[in-house]
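Next comes run-v2.cif, a file with mmCIF, C-alpha atoms.
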data_protein
#
loop_
_atom_site.label_atom_id
_atom_site.label_comp_id
_atom_site.auth_asym_id
_atom_site.auth_seq_id
_atom_site.Cartn_x
_atom_site.Cartn_y
_atom_site.Cartn_z
CA MET A 1339 1.92 32.88 11.17
CA ALA A 1340 -0.01 29.59 11.37
CA THR A 1341 1.87 26.38 10.60
CA TRP A 1342 0.91 24.11 7.70
CA GLN A 1343 -0.59 21.69 10.22
CA GLU A 1344 -2.71 24.41 11.81
CA ARG A 1345 -3.88 25.59 8.40
CA ASP A 1346 -4.77 22.00 7.48
CA LEU A 1347 -6.83 21.41 10.61
CA ALA A 1348 -8.63 24.71 10.21
CA HIS A 1349 -10.46 23.39 7.16
CA ILE A 1350 -9.76 19.77 6.24
CA TRP A 1351 -11.74 16.72 7.35
CA HIS A 1352 -9.42 13.78 6.77
CA PRO A 1353 -10.77 10.39 5.61
CA CYS A 1354 -11.29 7.43 7.89
CA SER A 1355 -10.15 9.44 10.90
CA GLN A 1356 -11.42 10.53 14.29
CA MET A 1357 -10.35 14.14 13.98
CA LYS A 1358 -10.02 14.50 17.75
CA ASP A 1359 -6.95 12.24 17.51
CA TYR A 1360 -5.27 15.02 15.54
CA GLU A 1361 -5.16 17.22 18.64
CA ASP A 1362 -2.03 15.45 19.86
CA PHE A 1363 -1.01 13.82 16.57
CA PRO A 1364 -1.45 16.39 13.80
CA PRO A 1365 -1.10 15.47 10.11
CA ILE A 1366 2.35 14.95 8.68
CA ILE A 1367 2.88 17.37 5.80
CA ILE A 1368 4.53 15.53 2.90
CA GLU A 1369 6.56 17.62 0.48
CA ARG A 1370 7.71 15.08 -2.10
CA GLY A 1371 7.92 11.41 -3.00
CA GLU A 1372 10.59 9.31 -4.64
CA GLY A 1373 10.34 5.55 -5.15
CA VAL A 1374 9.00 3.98 -1.97
CA ARG A 1375 9.94 6.97 0.17
CA LEU A 1376 8.01 10.07 1.15
CA PHE A 1377 9.70 13.17 2.59
CA ASP A 1378 8.01 15.64 4.90
CA ILE A 1379 8.63 19.39 5.02
CA GLU A 1380 11.27 18.86 7.72
CA GLY A 1381 13.20 16.50 5.45
CA LYS A 1382 12.36 13.29 7.34
CA ASP A 1383 11.83 10.25 5.13
CA TYR A 1384 9.16 7.57 5.48
CA ILE A 1385 9.14 4.20 3.75
CA ASP A 1386 5.64 3.89 2.28
CA ILE A 1387 5.19 0.19 2.95
CA ILE A 1388 1.43 0.28 2.23
CA SER A 1389 1.66 2.05 -1.15
CA SER A 1390 -0.45 4.96 0.15
CA TRP A 1391 -3.63 2.90 0.43
CA TRP A 1392 -2.48 0.16 -1.91
CA CYS A 1393 -2.39 2.16 -5.15
CA ASN A 1394 1.23 3.21 -5.71
CA THR A 1395 2.22 0.32 -7.95
CA LEU A 1396 5.61 1.41 -9.29
CA GLY A 1397 6.88 3.95 -6.76
CA HIS A 1398 6.15 7.60 -6.12
CA CYS A 1399 6.80 10.02 -8.98
CA ASN A 1400 7.87 7.27 -11.35
CA PRO A 1401 9.65 9.26 -14.10
CA ALA A 1402 8.14 7.36 -17.02
CA ILE A 1403 4.58 7.75 -15.76
CA ALA A 1404 5.17 11.40 -14.88
CA GLU A 1405 6.50 12.07 -18.36
CA ALA A 1406 3.50 10.37 -19.99
CA VAL A 1407 1.10 12.43 -17.85
CA ALA A 1408 2.89 15.70 -18.64
CA ARG A 1409 2.97 14.94 -22.34
CA GLN A 1410 -0.74 14.12 -22.45
CA ALA A 1411 -1.68 17.19 -20.39
CA LYS A 1412 -0.26 19.38 -23.15
CA LYS A 1413 -2.22 17.55 -25.84
CA LEU A 1414 -5.72 16.74 -24.52
CA ASP A 1415 -6.89 17.21 -20.94
CA HIS A 1416 -10.45 15.94 -21.07
CA VAL A 1417 -13.30 15.23 -23.44
CA LEU A 1418 -16.91 14.19 -23.00
CA PHE A 1419 -16.90 10.38 -23.21
CA ALA A 1420 -20.45 10.04 -24.59
CA ASN A 1421 -20.13 9.73 -28.38
CA PHE A 1422 -16.52 10.95 -28.20
CA SER A 1423 -13.36 8.96 -27.68
CA HIS A 1424 -9.59 9.34 -28.01
CA GLU A 1425 -6.58 7.27 -28.99
CA GLY A 1426 -5.30 6.71 -25.46
CA ILE A 1427 -8.45 5.15 -24.07
CA ILE A 1428 -8.82 2.91 -27.11
CA GLN A 1429 -5.26 1.68 -26.70
CA LEU A 1430 -5.84 1.14 -22.98
CA ALA A 1431 -8.99 -0.89 -23.63
CA GLU A 1432 -7.05 -3.08 -26.06
CA GLU A 1433 -4.28 -3.63 -23.52
CA LEU A 1434 -6.76 -4.43 -20.77
CA ALA A 1435 -8.55 -6.94 -22.98
CA ALA A 1436 -5.22 -8.74 -23.45
CA ILE A 1437 -4.55 -9.17 -19.72
CA MET A 1438 -8.01 -9.62 -18.20
CA PRO A 1439 -9.29 -13.03 -17.06
CA GLU A 1440 -10.84 -14.95 -19.94
CA GLY A 1441 -14.04 -13.55 -21.39
CA LEU A 1442 -13.82 -10.00 -20.04
CA ASP A 1443 -13.48 -7.70 -23.05
CA LYS A 1444 -15.99 -4.86 -22.63
CA PHE A 1445 -15.08 -1.95 -20.35
CA CYS A 1446 -17.09 0.73 -18.58
CA PHE A 1447 -14.75 3.45 -17.26
CA SER A 1448 -15.30 5.53 -14.13
CA ASP A 1449 -13.12 7.28 -11.56
CA ASN A 1450 -12.71 5.16 -8.40
CA GLY A 1451 -13.25 1.76 -6.87
CA SER A 1452 -16.64 2.54 -5.34
CA THR A 1453 -18.03 3.77 -8.66
CA SER A 1454 -16.75 0.70 -10.48
CA VAL A 1455 -18.67 -1.46 -7.99
CA GLU A 1456 -21.81 0.68 -8.32
CA CYS A 1457 -21.57 0.21 -12.07
CA ALA A 1458 -21.36 -3.59 -11.74
CA LEU A 1459 -24.29 -3.82 -9.33
CA LYS A 1460 -26.54 -1.72 -11.56
CA MET A 1461 -25.49 -3.65 -14.66
CA SER A 1462 -26.30 -6.99 -13.05
CA PHE A 1463 -29.72 -5.85 -11.86
CA GLN A 1464 -30.62 -4.39 -15.26
CA TYR A 1465 -29.27 -7.43 -17.11
CA HIS A 1466 -31.61 -9.79 -15.28
CA LEU A 1467 -34.53 -7.41 -15.71
CA GLN A 1468 -33.92 -7.29 -19.47
CA THR A 1469 -33.39 -11.04 -19.87
CA GLY A 1470 -36.65 -12.18 -18.31
CA HIS A 1471 -35.76 -12.47 -14.63
CA PRO A 1472 -37.26 -9.45 -12.83
CA GLU A 1473 -37.38 -11.47 -9.60
CA LYS A 1474 -33.59 -11.18 -9.30
CA GLN A 1475 -33.20 -8.01 -7.27
CA ARG A 1476 -30.86 -8.95 -4.42
CA PHE A 1477 -27.13 -9.37 -3.98
CA MET A 1478 -24.89 -11.64 -1.95
CA CYS A 1479 -21.57 -10.80 -0.35
CA LEU A 1480 -19.08 -12.29 2.08
CA SER A 1481 -19.05 -11.41 5.76
CA GLU A 1482 -16.32 -8.93 6.68
CA GLY A 1483 -16.24 -7.83 3.05
CA TYR A 1484 -15.61 -4.28 1.90
CA HIS A 1485 -16.44 -2.84 -1.52
CA GLY A 1486 -16.48 0.94 -1.20
CA GLU A 1487 -18.11 3.92 0.45
CA THR A 1488 -21.02 4.87 -1.81
CA LEU A 1489 -24.43 3.60 -0.71
CA GLY A 1490 -24.74 0.84 -3.29
CA ALA A 1491 -21.23 -0.38 -2.56
CA LEU A 1492 -21.86 -0.18 1.18
CA SER A 1493 -24.98 -2.30 0.71
CA VAL A 1494 -22.74 -5.22 -0.24
CA CYS A 1495 -20.28 -4.51 2.58
CA ALA A 1496 -20.80 -6.79 5.54
CA ASP A 1497 -18.26 -5.02 7.74
CA ALA A 1498 -20.20 -3.03 10.34
CA THR A 1499 -17.26 -0.66 10.83
CA TYR A 1500 -18.06 0.94 7.49
CA ALA A 1501 -21.67 0.00 6.75
CA GLY A 1502 -23.43 -0.59 10.06
CA MET A 1503 -24.51 2.94 10.81
CA TYR A 1504 -25.98 3.47 7.35
CA ALA A 1505 -28.11 0.30 7.25
CA PRO A 1506 -31.44 2.21 7.11
CA LEU A 1507 -30.30 3.90 3.89
CA MET A 1508 -29.24 0.77 2.02
CA HIS A 1509 -30.78 -2.18 0.22
CA ARG A 1510 -30.51 -5.50 2.05
CA SER A 1511 -28.01 -8.08 0.83
CA HIS A 1512 -27.65 -11.74 1.79
CA VAL A 1513 -24.41 -12.43 3.66
CA ILE A 1514 -22.30 -15.57 3.26
CA GLU A 1515 -19.98 -16.40 6.14
CA ALA A 1516 -16.53 -15.83 4.68
CA PRO A 1517 -13.53 -18.16 4.84
CA ASP A 1518 -11.28 -17.57 7.83
CA CYS A 1519 -8.25 -19.75 7.25
CA TYR A 1520 -6.38 -18.58 10.35
CA ARG A 1521 -9.27 -19.37 12.70
CA CYS A 1522 -10.80 -22.21 10.71
CA ALA A 1523 -13.99 -23.51 12.34
CA TYR A 1524 -13.46 -26.85 10.58
CA GLY A 1525 -10.04 -27.52 12.08
CA CYS A 1526 -8.24 -27.24 8.75
CA THR A 1527 -4.97 -25.52 7.99
CA ARG A 1528 -3.95 -23.68 4.85
CA ASP A 1529 -2.15 -26.85 3.71
CA THR A 1530 -5.14 -29.14 4.29
CA CYS A 1531 -7.98 -26.85 3.21
CA SER A 1532 -10.63 -28.24 0.88
CA CYS A 1533 -13.02 -25.31 1.48
CA ALA A 1534 -15.41 -27.12 3.82
CA CYS A 1535 -16.61 -23.65 4.77
CA PHE A 1536 -18.11 -23.35 1.29
CA GLU A 1537 -21.23 -24.97 2.70
CA HIS A 1538 -22.24 -21.50 3.92
CA ALA A 1539 -22.36 -20.28 0.33
CA GLU A 1540 -24.31 -23.36 -0.77
CA GLN A 1541 -26.88 -22.79 1.98
CA GLN A 1542 -27.40 -19.14 1.05
CA PHE A 1543 -27.74 -19.95 -2.64
CA GLU A 1544 -30.27 -22.66 -1.82
CA ARG A 1545 -32.34 -20.14 0.13
CA HIS A 1546 -31.88 -17.04 -1.98
CA GLY A 1547 -30.35 -17.93 -5.34
CA HIS A 1548 -33.69 -17.48 -7.11
CA GLU A 1549 -33.83 -13.78 -6.16
CA THR A 1550 -30.13 -12.98 -6.44
CA CYS A 1551 -28.61 -10.90 -9.25
CA ALA A 1552 -24.96 -11.32 -8.33
CA VAL A 1553 -22.51 -12.28 -5.63
CA ILE A 1554 -19.55 -9.94 -5.12
CA VAL A 1555 -16.25 -11.03 -3.58
CA GLU A 1556 -12.74 -9.76 -3.06
CA PRO A 1557 -10.91 -12.67 -4.71
CA LEU A 1558 -8.35 -14.47 -2.50
CA LEU A 1559 -7.89 -11.45 -0.21
CA GLN A 1560 -10.36 -9.62 2.03
CA GLY A 1561 -8.30 -6.49 2.45
CA SER A 1562 -10.10 -4.30 4.98
CA ALA A 1563 -11.03 -7.37 7.00
CA GLY A 1564 -7.35 -7.64 7.95
CA MET A 1565 -5.74 -9.08 4.82
CA ARG A 1566 -7.65 -12.35 5.25
CA MET A 1567 -6.46 -14.79 2.57
CA TYR A 1568 -8.30 -17.82 1.21
CA PRO A 1569 -7.57 -20.40 -1.54
CA PRO A 1570 -8.44 -20.25 -5.27
CA LEU A 1571 -10.57 -23.37 -4.85
CA TYR A 1572 -13.21 -21.23 -3.15
CA LEU A 1573 -13.54 -19.10 -6.29
CA GLU A 1574 -13.81 -22.18 -8.50
CA LYS A 1575 -16.61 -23.59 -6.35
CA LEU A 1576 -18.34 -20.21 -6.35
CA ARG A 1577 -18.15 -19.99 -10.13
CA ALA A 1578 -19.91 -23.36 -10.48
CA LEU A 1579 -22.55 -22.39 -7.93
CA CYS A 1580 -23.28 -19.12 -9.71
CA ASP A 1581 -23.68 -20.95 -13.01
CA ARG A 1582 -26.23 -23.35 -11.51
CA HIS A 1583 -28.34 -20.50 -10.15
CA ASN A 1584 -27.97 -17.95 -12.98
CA VAL A 1585 -26.17 -15.52 -10.69
CA HIS A 1586 -23.39 -13.17 -11.79
CA LEU A 1587 -20.01 -13.45 -10.12
CA ILE A 1588 -18.46 -10.01 -9.56
CA ALA A 1589 -14.75 -9.87 -8.71
CA ASP A 1590 -13.82 -6.76 -6.76
CA GLU A 1591 -10.17 -6.45 -7.76
CA VAL A 1592 -9.89 -2.80 -6.83
CA ALA A 1593 -7.14 -3.69 -4.36
CA THR A 1594 -5.84 -6.96 -5.83
CA GLY A 1595 -5.43 -6.01 -9.47
CA PHE A 1596 -2.22 -5.42 -11.42
CA GLY A 1597 0.20 -7.71 -9.70
CA ARG A 1598 -0.52 -7.23 -6.01
CA THR A 1599 -1.23 -10.92 -5.41
CA GLY A 1600 1.60 -12.27 -7.57
CA THR A 1601 -0.45 -12.53 -10.76
CA MET A 1602 -1.90 -9.74 -12.87
CA PHE A 1603 -5.28 -10.33 -11.25
CA ALA A 1604 -6.09 -12.48 -8.24
CA PHE A 1605 -8.65 -14.41 -10.29
CA ASP A 1606 -5.82 -15.59 -12.56
CA GLN A 1607 -4.92 -18.05 -9.80
CA ALA A 1608 -8.26 -19.85 -10.16
CA SER A 1609 -9.31 -22.02 -13.08
CA ALA A 1610 -12.36 -19.84 -13.59
CA SER A 1611 -13.36 -16.32 -14.60
CA PRO A 1612 -15.87 -13.86 -13.18
CA ASP A 1613 -18.72 -12.27 -15.13
CA MET A 1614 -17.58 -8.81 -14.07
CA LEU A 1615 -14.35 -7.44 -12.67
CA CYS A 1616 -13.97 -4.09 -10.92
CA THR A 1617 -10.53 -2.55 -10.59
CA SER A 1618 -9.01 0.83 -9.87
CA LYS A 1619 -6.22 1.63 -7.37
CA ASN A 1620 -3.18 0.28 -9.25
CA LEU A 1621 -4.54 1.01 -12.72
CA THR A 1622 -2.72 4.35 -12.97
CA GLY A 1623 0.04 3.59 -10.49
CA GLY A 1624 -1.47 5.97 -7.96
CA PHE A 1625 -1.06 9.01 -10.21
CA LEU A 1626 -4.70 9.79 -11.08
CA PRO A 1627 -8.20 8.53 -10.28
CA MET A 1628 -9.46 5.96 -12.77
CA ALA A 1629 -11.50 2.77 -12.56
CA VAL A 1630 -12.92 0.17 -14.89
CA THR A 1631 -15.75 -2.34 -14.75
CA ALA A 1632 -14.93 -5.19 -17.14
CA VAL A 1633 -17.76 -7.45 -18.33
CA THR A 1634 -18.40 -10.32 -20.69
CA ASP A 1635 -19.86 -9.92 -24.15
CA ASP A 1636 -22.98 -11.76 -22.96
CA ILE A 1637 -23.71 -8.98 -20.47
CA TYR A 1638 -22.91 -6.28 -23.01
CA ARG A 1639 -25.30 -7.80 -25.58
CA ALA A 1640 -28.23 -7.66 -23.15
CA PHE A 1641 -28.09 -3.85 -23.37
CA TYR A 1642 -27.55 -3.65 -27.14
CA ALA A 1643 -30.86 -2.73 -28.78
CA ASP A 1644 -32.75 0.02 -30.55
CA TYR A 1645 -32.96 3.10 -28.36
CA SER A 1646 -36.76 2.85 -28.30
CA GLU A 1647 -36.53 -0.42 -26.34
CA GLY A 1648 -35.11 1.46 -23.34
CA LYS A 1649 -32.29 -1.01 -22.69
CA ALA A 1650 -29.36 1.40 -22.72
CA PHE A 1651 -27.19 1.55 -19.60
CA MET A 1652 -27.93 5.12 -18.47
CA HIS A 1653 -24.93 5.46 -16.20
CA SER A 1654 -22.18 8.03 -16.50
CA HIS A 1655 -19.31 9.78 -14.75
CA THR A 1656 -17.91 13.15 -15.78
CA TYR A 1657 -14.30 11.99 -15.76
CA ALA A 1658 -14.92 8.60 -17.35
CA GLY A 1659 -12.15 7.77 -19.81
CA ASN A 1660 -10.09 10.82 -18.90
CA PRO A 1661 -7.16 11.14 -21.35
CA ILE A 1662 -4.53 12.05 -18.75
CA ALA A 1663 -5.50 9.13 -16.51
CA ALA A 1664 -5.46 6.87 -19.56
CA ALA A 1665 -1.92 8.02 -20.36
CA ALA A 1666 -0.82 7.11 -16.84
CA ALA A 1667 -2.49 3.69 -17.09
CA LEU A 1668 -0.83 2.99 -20.43
CA ALA A 1669 2.55 3.92 -18.97
CA VAL A 1670 1.96 1.52 -16.06
CA GLN A 1671 1.21 -1.33 -18.45
CA ARG A 1672 4.25 -0.57 -20.58
CA ILE A 1673 6.57 -0.53 -17.56
CA MET A 1674 5.14 -3.72 -16.09
CA ARG A 1675 5.58 -5.49 -19.42
CA GLU A 1676 8.99 -4.17 -20.48
CA ASP A 1677 10.61 -4.26 -17.03
CA ARG A 1678 9.17 -7.69 -16.17
CA VAL A 1679 7.84 -6.24 -12.93
CA LEU A 1680 5.88 -9.31 -11.83
CA GLU A 1681 8.92 -11.58 -12.15
CA GLN A 1682 11.10 -9.16 -10.18
CA ALA A 1683 8.41 -8.69 -7.54
CA ALA A 1684 8.16 -12.44 -6.97
CA VAL A 1685 11.83 -12.56 -6.01
CA ARG A 1686 11.45 -9.63 -3.62
CA ALA A 1687 8.31 -11.15 -2.12
CA ASP A 1688 10.27 -14.31 -1.24
CA HIS A 1689 12.91 -12.12 0.37
CA LEU A 1690 10.30 -10.25 2.40
CA GLN A 1691 8.79 -13.53 3.60
CA ARG A 1692 12.19 -14.67 4.87
CA ARG A 1693 12.92 -11.39 6.62
CA LEU A 1694 9.52 -11.23 8.32
CA THR A 1695 9.86 -14.84 9.47
CA GLU A 1696 13.30 -14.10 10.92
CA ALA A 1697 12.03 -10.98 12.67
CA PHE A 1698 8.64 -12.18 13.93
CA GLY A 1699 8.41 -15.94 13.49
CA GLU A 1700 9.04 -16.57 17.21
CA HIS A 1701 7.29 -13.47 18.54
CA PRO A 1702 4.87 -14.39 21.36
CA HIS A 1703 2.16 -12.09 19.96
CA VAL A 1704 2.43 -12.82 16.23
CA GLY A 1705 -0.06 -15.58 15.56
CA GLU A 1706 0.41 -15.88 11.82
CA ILE A 1707 2.55 -14.44 9.05
CA ARG A 1708 0.55 -14.88 5.85
CA ARG A 1709 1.40 -13.98 2.30
CA LEU A 1710 -0.20 -13.52 -1.09
CA GLY A 1711 2.23 -12.23 -3.68
CA MET A 1712 3.89 -9.10 -2.32
CA ILE A 1713 1.19 -8.68 0.35
CA HIS A 1714 2.27 -9.92 3.78
CA ALA A 1715 0.31 -9.68 7.02
CA LEU A 1716 1.12 -10.25 10.68
CA GLU A 1717 -1.85 -11.23 12.85
CA LEU A 1718 -1.30 -9.93 16.38
CA VAL A 1719 -2.82 -11.97 19.21
CA VAL A 1720 -2.90 -12.00 22.99
CA ASP A 1721 -2.21 -15.74 23.07
CA LEU A 1722 -0.79 -17.99 20.34
CA ASP A 1723 -2.83 -21.03 21.40
CA THR A 1724 -6.25 -19.41 21.72
CA LYS A 1725 -5.63 -16.93 18.86
CA GLU A 1726 -7.47 -14.31 20.89
CA GLY A 1727 -7.02 -10.85 19.43
CA PHE A 1728 -6.30 -7.71 21.40
CA ASP A 1729 -9.27 -5.72 22.66
CA PRO A 1730 -10.13 -3.08 20.02
CA ARG A 1731 -10.35 -0.50 22.79
CA ASP A 1732 -6.60 -0.93 23.33
CA ARG A 1733 -6.04 0.41 19.78
CA MET A 1734 -2.95 -1.75 19.47
CA GLY A 1735 -2.67 -1.15 15.74
CA TYR A 1736 -2.96 2.60 16.14
CA ARG A 1737 -0.23 2.62 18.77
CA ILE A 1738 2.08 0.63 16.49
CA TYR A 1739 1.23 3.00 13.63
CA ARG A 1740 2.43 5.99 15.65
CA GLN A 1741 5.58 4.23 16.76
CA ALA A 1742 6.33 3.25 13.17
CA LEU A 1743 5.96 6.83 11.95
CA ASP A 1744 8.43 7.94 14.61
CA ARG A 1745 10.86 5.47 13.03
CA GLY A 1746 10.16 6.57 9.46
CA LEU A 1747 7.78 3.79 8.38
CA MET A 1748 4.28 4.37 7.05
CA LEU A 1749 2.29 1.44 8.44
CA ARG A 1750 -1.48 1.63 8.80
CA PRO A 1751 -2.59 -1.54 10.62
CA LEU A 1752 -6.08 -2.96 10.16
CA GLY A 1753 -7.19 -3.61 13.72
CA ASN A 1754 -4.80 -6.25 15.04
CA VAL A 1755 -3.23 -6.90 11.64
CA VAL A 1756 0.01 -5.24 10.58
CA TYR A 1757 0.63 -5.59 6.88
CA PHE A 1758 3.19 -4.85 4.18
CA ASN A 1759 1.83 -3.99 0.73
CA PRO A 1760 4.62 -1.98 -0.91
CA ALA A 1761 5.24 -0.82 -4.46
CA LEU A 1762 6.18 -3.80 -6.62
CA THR A 1763 9.50 -2.12 -7.43
CA ILE A 1764 10.77 -1.91 -3.84
CA THR A 1765 14.35 -3.15 -3.39
CA GLU A 1766 15.57 -5.82 -0.98
CA ASP A 1767 17.57 -3.22 0.95
CA GLU A 1768 14.42 -1.11 1.36
CA LEU A 1769 12.49 -4.17 2.52
CA ASP A 1770 15.21 -4.93 5.08
CA CYS A 1771 15.04 -1.39 6.39
CA ALA A 1772 11.23 -1.52 6.58
CA VAL A 1773 11.28 -4.80 8.51
CA GLU A 1774 13.75 -3.39 11.03
CA ARG A 1775 11.66 -0.26 11.53
CA ALA A 1776 8.55 -2.43 11.96
CA ARG A 1777 10.37 -4.59 14.50
CA GLY A 1778 11.26 -1.49 16.47
CA ALA A 1779 7.69 -0.19 16.40
CA ILE A 1780 6.09 -3.49 17.38
CA GLY A 1781 8.71 -4.08 20.04
CA ALA A 1782 8.02 -0.64 21.55
CA VAL A 1783 4.35 -1.51 21.96
CA LEU A 1784 4.32 -5.28 22.56
CA GLY A 1785 7.85 -5.94 23.81
#
Before we go any further, please render this structure as structure tokens.
Amino acid sequence: MATWQERDLAHIWHPCSQMKDYEDFPPIIIERGEGVRLFDIEGKDYIDIISSWWCNTLGHCNPAIAEAVARQAKKLDHVLFANFSHEGIIQLAEELAAIMPEGLDKFCFSDNGSTSVECALKMSFQYHLQTGHPEKQRFMCLSEGYHGETLGALSVCADATYAGMYAPLMHRSHVIEAPDCYRCAYGCTRDTCSCACFEHAEQQFERHGHETCAVIVEPLLQGSAGMRMYPPLYLEKLRALCDRHNVHLIADEVATGFGRTGTMFAFDQASASPDMLCTSKNLTGGFLPMAVTAVTDDIYRAFYADYSEGKAFMHSHTYAGNPIAAAAALAVQRIMREDRVLEQAAVRADHLQRRLTEAFGEHPHVGEIRRLGMIHALELVVDLDTKEGFDPRDRMGYRIYRQALDRGLMLRPLGNVVYFNPALTITEDELDCAVERARGAIGAVLG
């Protein structure tokens, strides 16, 4: 009889994978999850230090969330969200309004991060069309940015790894050279940064602001670019620039929302607010797909008119506002509030910083250990002085990934960047164990 792995590979095309790699490294079949640990069908445990693609906020199979989901599944599974609603989604909208950055109090629900971005892009374009600015038909984004896999979202991705091949299918966006605080071209450090690199944004706005609907950014953290972190001042400058040019500022907080960066949203660390905020991953604690595009009342009012005027936002998703997903999201909010999760996570994040510094602070191939809230990243380099990264053809990250799995640690490096992005409820003992397993894996590959 065929094994589970053989049955998997007979039919399944796994995401973000070269399937030929699976010939000698077949998929690991996970049977159950508990807290930050996953257990395969052989009983081996893995510490999920990346929250299964950054979405498992409060641990696998959190009992309170599971109970809320089960209870809702017996009451109402799904209902058309056009002209129908339900108590759970109304309560969730109220709770979101209370925690969002200032001014964001209208919510368009969808089912994943890419669709929340698509929603924001279309809204911005239509808003300008309906407010007397039909010339505004372009978008701006940061270099190395990532905003999802659908074609609209890819059009504002400047990372060729994901978007390059599909360029003929996409609309053209204007790219702003992003901050790179580790390899600062202006000779600044994180302690001395005054965002001199912001001149790149100013130059692009000067050239293209008149035709731009919106600029979209991952606030404070460019995740897929290798957990590149930049200061809140950049967002504050960008807010002012957008205001001068009548350009929307879209915050893609799909990955950074709900406590990942140390505050409920990354934008909370800036003295400014975006016009739109997209979020998903951590909204339901990793239990169910759900996303939201939050907007200001000003944007909402531009679509509010008699039907005959043709200003309605004709955008929909079958599972928008799903009751079971809403129940999971409400449970997440309740737990984070009642258990003071952010306060507890801050203490554990300090502990993780100390442990990583002890383990890798003097490593000859760790150029930087950077941190934003619970997210920590190790930048691997050939040489500490030149900051030269390893040749991508060496697949250094992939080799470390395999070594880590052998040791029971689920790492998934981004190129030459190894990162920790665990559930906010991880314990200090579990962090210690994860650091030791990471040290073993990195040592096996880099010495």
Completion exercise
With distances taken over all atoms listed in the file, the candidate from A:Lys1725, A:His1424, A:His1653, A:His1546 nearest Gly1705 in chain A is A:Lys1725
Exercise for the section: Around the point (-8.4, -13.6, -12.0) in the file's coordinates, collect all residues with an atom within 8 Å, using only C-alpha atoms, and return them as a count of residues only. Expected result: 13
Practice task
Spell out the residues picked by the PyMOL selection byres ((chain A and resi 1378) around 12) here, as a list in words.
Solution key: Trp1342, Gln1343, Pro1365, Ile1366, Ile1367, Ile1368, Glu1369, Arg1370, Gly1371, Glu1372, Arg1375, Leu1376, Phe1377, Ile1379, Glu1380, Gly1381, Lys1382, Asp1383, Tyr1384, Ile1385, Leu1743 and Gly1746 of chain A
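If you measure from each of A:Gly1699, A:Val1704, A:Asp1581, A:His1512 to Glu1726 in chain A using all atoms listed in the file, the closest one turns out to be A:Val1704.
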Practice task
Determine, counting only C-alpha atoms, which protein, DNA and RNA residues have an atom within 12 Å of an atom of range 1497-1504 of chain A; residues of the same chain fewer than 5 positions away are not included. Present the result as a VMD selection string.
Solution key: chain A and resid 1354 1479 to 1492 1509 to 1511 1513 1515 to 1516 1560 to 1564 1730 1752 to 1753
Practice task
Evaluate the PyMOL selection byres ((chain A and resi 1667-1682) around 9) on the structure here and hand back the selected residues as number ranges by chain.
Solution key: A: 1395-1396, 1402-1404, 1406-1407, 1426-1427, 1429-1430, 1433-1434, 1596-1598, 1600-1602, 1620-1623, 1625-1626, 1628, 1662-1666, 1683-1687, 1762-1763
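Of note, CA of Arg1740 in chain A and CA of Asp1767 in chain A are spaced 23.0 Å apart.
Minimum distance to Ala1505 in chain A across A:Thr1530, A:Thr1724, A:Ser1493, A:Gln1356 (counting only C-alpha atoms) occurs at A:Ser1493.
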